[in-house]
Amino acid sequence: KKSAIGVGASAGAALAVGLTKGLGRLNGIEQAEAKLTGLGHSAKSVGSIMDNALAAVKGTSFGLEAAATVAASAVAAGIQPGQDLERTLRLVGDAATIAGTDMSSMGAIFNKVAASNKMQMDVVNQLHDQGVPILQLVAQEMGVTAEEAQRMASAGEVSFETFQAAMESGLGGAALGAGNTVQGAFANMGAAAGRLG
């Protein structure tokens with residue numbers, strides 16, 4: 001009798017967690033879809049953008065709801081749905097992993113660079129504060145010194161494409177690698193509970 005009560009309590013707690021995570025996931029996805037629809041996207045293009053978001057976080061410790069929210073803002077910043085969007089979302093996840101932050105916070109930084117098509121020193125400082133050595137990565141990508149990369153960033157001469165390429169060369173695959181850690185496994189378990197919920 002005691003065993004049955006214990007199993008029942010555990011199952012009830014698991015169901016409650018699943019439902020809570022599921023409702024949070026559903027809300028995040030619906031909010032992202034509403035943003036995309038508000039930006040004038042058709043149901044078909046919203047579906048395609050959501051597919052990009054799902055593909056970008058598959059195997060990582062990030063959930064679809066976070067990727068969908070970043071995707072909506074990224075598309076508003078001018079990133080084209082399809083391979084460009086999926087690549088950007090993967091890089092956001094990689095940078096967020098290195099910085100130890102959430103995807104939404106890192107997505108805001110990426111989208112700031114995308115919207116203006118230039119990386120400036122405020123972005124450099126934000127990334128350096130979070131442990132992402134973006135000046136060194138950009139310098140390596142462009143074949144210049146860090147000092148020259150800083151001068152170019154101050155002058156607004158580092159494009160979004162260069163910014164992305166530098167991130168890809170220096171941090172590419174970090175989110176997938178983190179998905180294989182114990183912490184990543186627990187995050188994936190939470191994401192699975194959200195999908196089930």
# chains A, B, ... in the order shown; residues from 1 in each chain; ligands from 1
>>> closest_atom_pairs(of="segment 90-162 of chain A", to="segment 71-80 of chain A", cutoff="6 Å", atoms="only C-alpha atoms", output="tab-separated table")
residue	atom	partner	partner_atom	distance
A:Asn111	CA	A:Ala74	CA	5.5
A:Ala114	CA	A:Ala77	CA	5.9
A:Ala115	CA	A:Ala77	CA	4.5
>>> write_last_selection(atoms="N, CA, C and O atoms", output="PDB file, in the first residue's frame")
ATOM      1  N   ASN A 111      20.345  39.946 -32.944  1.00  0.00           N
ATOM      2  CA  ASN A 111      19.367  40.686 -33.738  1.00  0.00           C
ATOM      3  C   ASN A 111      19.699  42.171 -33.809  1.00  0.00           C
ATOM      4  O   ASN A 111      19.382  42.834 -34.797  1.00  0.00           O
ATOM      5  N   ALA A 114      22.203  42.221 -36.556  1.00  0.00           N
ATOM      6  CA  ALA A 114      21.541  41.935 -37.831  1.00  0.00           C
ATOM      7  C   ALA A 114      20.742  43.135 -38.329  1.00  0.00           C
ATOM      8  O   ALA A 114      20.785  43.463 -39.517  1.00  0.00           O
ATOM      9  N   ALA A 115      20.009  43.788 -37.434  1.00  0.00           N
ATOM     10  CA  ALA A 115      19.154  44.905 -37.838  1.00  0.00           C
ATOM     11  C   ALA A 115      19.954  46.083 -38.391  1.00  0.00           C
ATOM     12  O   ALA A 115      19.523  46.746 -39.329  1.00  0.00           O
TER      13      ALA A 115
END
>>> residues_around(residues="segment 121-131 of chain A", least_positions_apart="2", cutoff="8 Å", atoms="only C-alpha atoms", output="PyMOL selection string")
chain A and resi 98-100+109+113+119+133-135+150+153-154
>>> write_last_selection(atoms="N, CA and C atoms", output="PDB file, in the first residue's frame")
ATOM      1  N   ILE A  98      28.247  29.239 -24.546  1.00  0.00           N
ATOM      2  CA  ILE A  98      29.539  29.737 -24.079  1.00  0.00           C
ATOM      3  C   ILE A  98      29.353  30.805 -23.015  1.00  0.00           C
ATOM      4  N   ALA A  99      28.369  31.672 -23.205  1.00  0.00           N
ATOM      5  CA  ALA A  99      28.124  32.768 -22.258  1.00  0.00           C
ATOM      6  C   ALA A  99      27.416  32.288 -20.989  1.00  0.00           C
ATOM      7  N   GLY A 100      26.832  31.100 -21.029  1.00  0.00           N
ATOM      8  CA  GLY A 100      26.089  30.602 -19.870  1.00  0.00           C
ATOM      9  C   GLY A 100      24.811  31.375 -19.648  1.00  0.00           C
ATOM     10  N   ILE A 109      21.135  40.221 -28.747  1.00  0.00           N
ATOM     11  CA  ILE A 109      22.426  40.772 -29.183  1.00  0.00           C
ATOM     12  C   ILE A 109      22.620  40.511 -30.676  1.00  0.00           C
ATOM     13  N   VAL A 113      22.771  43.315 -34.051  1.00  0.00           N
ATOM     14  CA  VAL A 113      23.792  43.377 -35.102  1.00  0.00           C
ATOM     15  C   VAL A 113      23.142  43.171 -36.465  1.00  0.00           C
ATOM     16  N   MET A 119      28.487  45.344 -36.338  1.00  0.00           N
ATOM     17  CA  MET A 119      28.819  45.073 -34.943  1.00  0.00           C
ATOM     18  C   MET A 119      29.567  46.289 -34.412  1.00  0.00           C
ATOM     19  N   PRO A 133      34.751  35.989 -26.501  1.00  0.00           N
ATOM     20  CA  PRO A 133      35.854  36.849 -26.971  1.00  0.00           C
ATOM     21  C   PRO A 133      35.668  37.294 -28.424  1.00  0.00           C
ATOM     22  N   ILE A 134      34.630  38.080 -28.670  1.00  0.00           N
ATOM     23  CA  ILE A 134      34.241  38.401 -30.038  1.00  0.00           C
ATOM     24  C   ILE A 134      35.304  39.185 -30.803  1.00  0.00           C
ATOM     25  N   LEU A 135      36.029  40.092 -30.143  1.00  0.00           N
ATOM     26  CA  LEU A 135      37.066  40.842 -30.864  1.00  0.00           C
ATOM     27  C   LEU A 135      38.151  39.914 -31.402  1.00  0.00           C
ATOM     28  N   GLN A 150      39.025  46.160 -33.127  1.00  0.00           N
ATOM     29  CA  GLN A 150      38.345  47.112 -32.248  1.00  0.00           C
ATOM     30  C   GLN A 150      38.109  48.438 -32.960  1.00  0.00           C
ATOM     31  N   ALA A 153      35.296  47.935 -35.410  1.00  0.00           N
ATOM     32  CA  ALA A 153      34.001  47.859 -34.725  1.00  0.00           C
ATOM     33  C   ALA A 153      33.541  49.242 -34.296  1.00  0.00           C
ATOM     34  N   SER A 154      34.471  50.056 -33.790  1.00  0.00           N
ATOM     35  CA  SER A 154      34.139  51.421 -33.366  1.00  0.00           C
ATOM     36  C   SER A 154      33.645  52.244 -34.540  1.00  0.00           C
TER      37      SER A 154
END
>>> atom_distance(atom1="atom CA of Gly172 of chain A", atom2="atom CA of Ser104 of chain A")
18.1 Å
>>> closest_residue(among="A:Val57, A:Leu171, A:Met106, A:Leu36", to="Leu137 of chain A", atoms="only C-alpha atoms")
A:Leu171
>>> closest_residue(among="A:Val70, A:Glu30, A:Gln140, A:Ser48", to="Glu168 of chain A", atoms="only C-alpha atoms")
A:Gln140
>>> select_by_dssp(residues="segment 35-197 of chain A", states="helix (DSSP H, G or I)", output="PyMOL selection string")
chain A and resi 35-38+43-57+64-76+83-99+103-116+121-129+134-142+146-154+160-171+174-178+182-196
>>> atom_distance(atom1="atom CA of Glu65 of chain A", atom2="atom CA of Met50 of chain A")
9.4 Å
>>> closest_residue(among="A:Glu141, A:Glu148, A:Asp51, A:Asp94", to="Phe110 of chain A", atoms="only C-alpha atoms")
A:Asp94
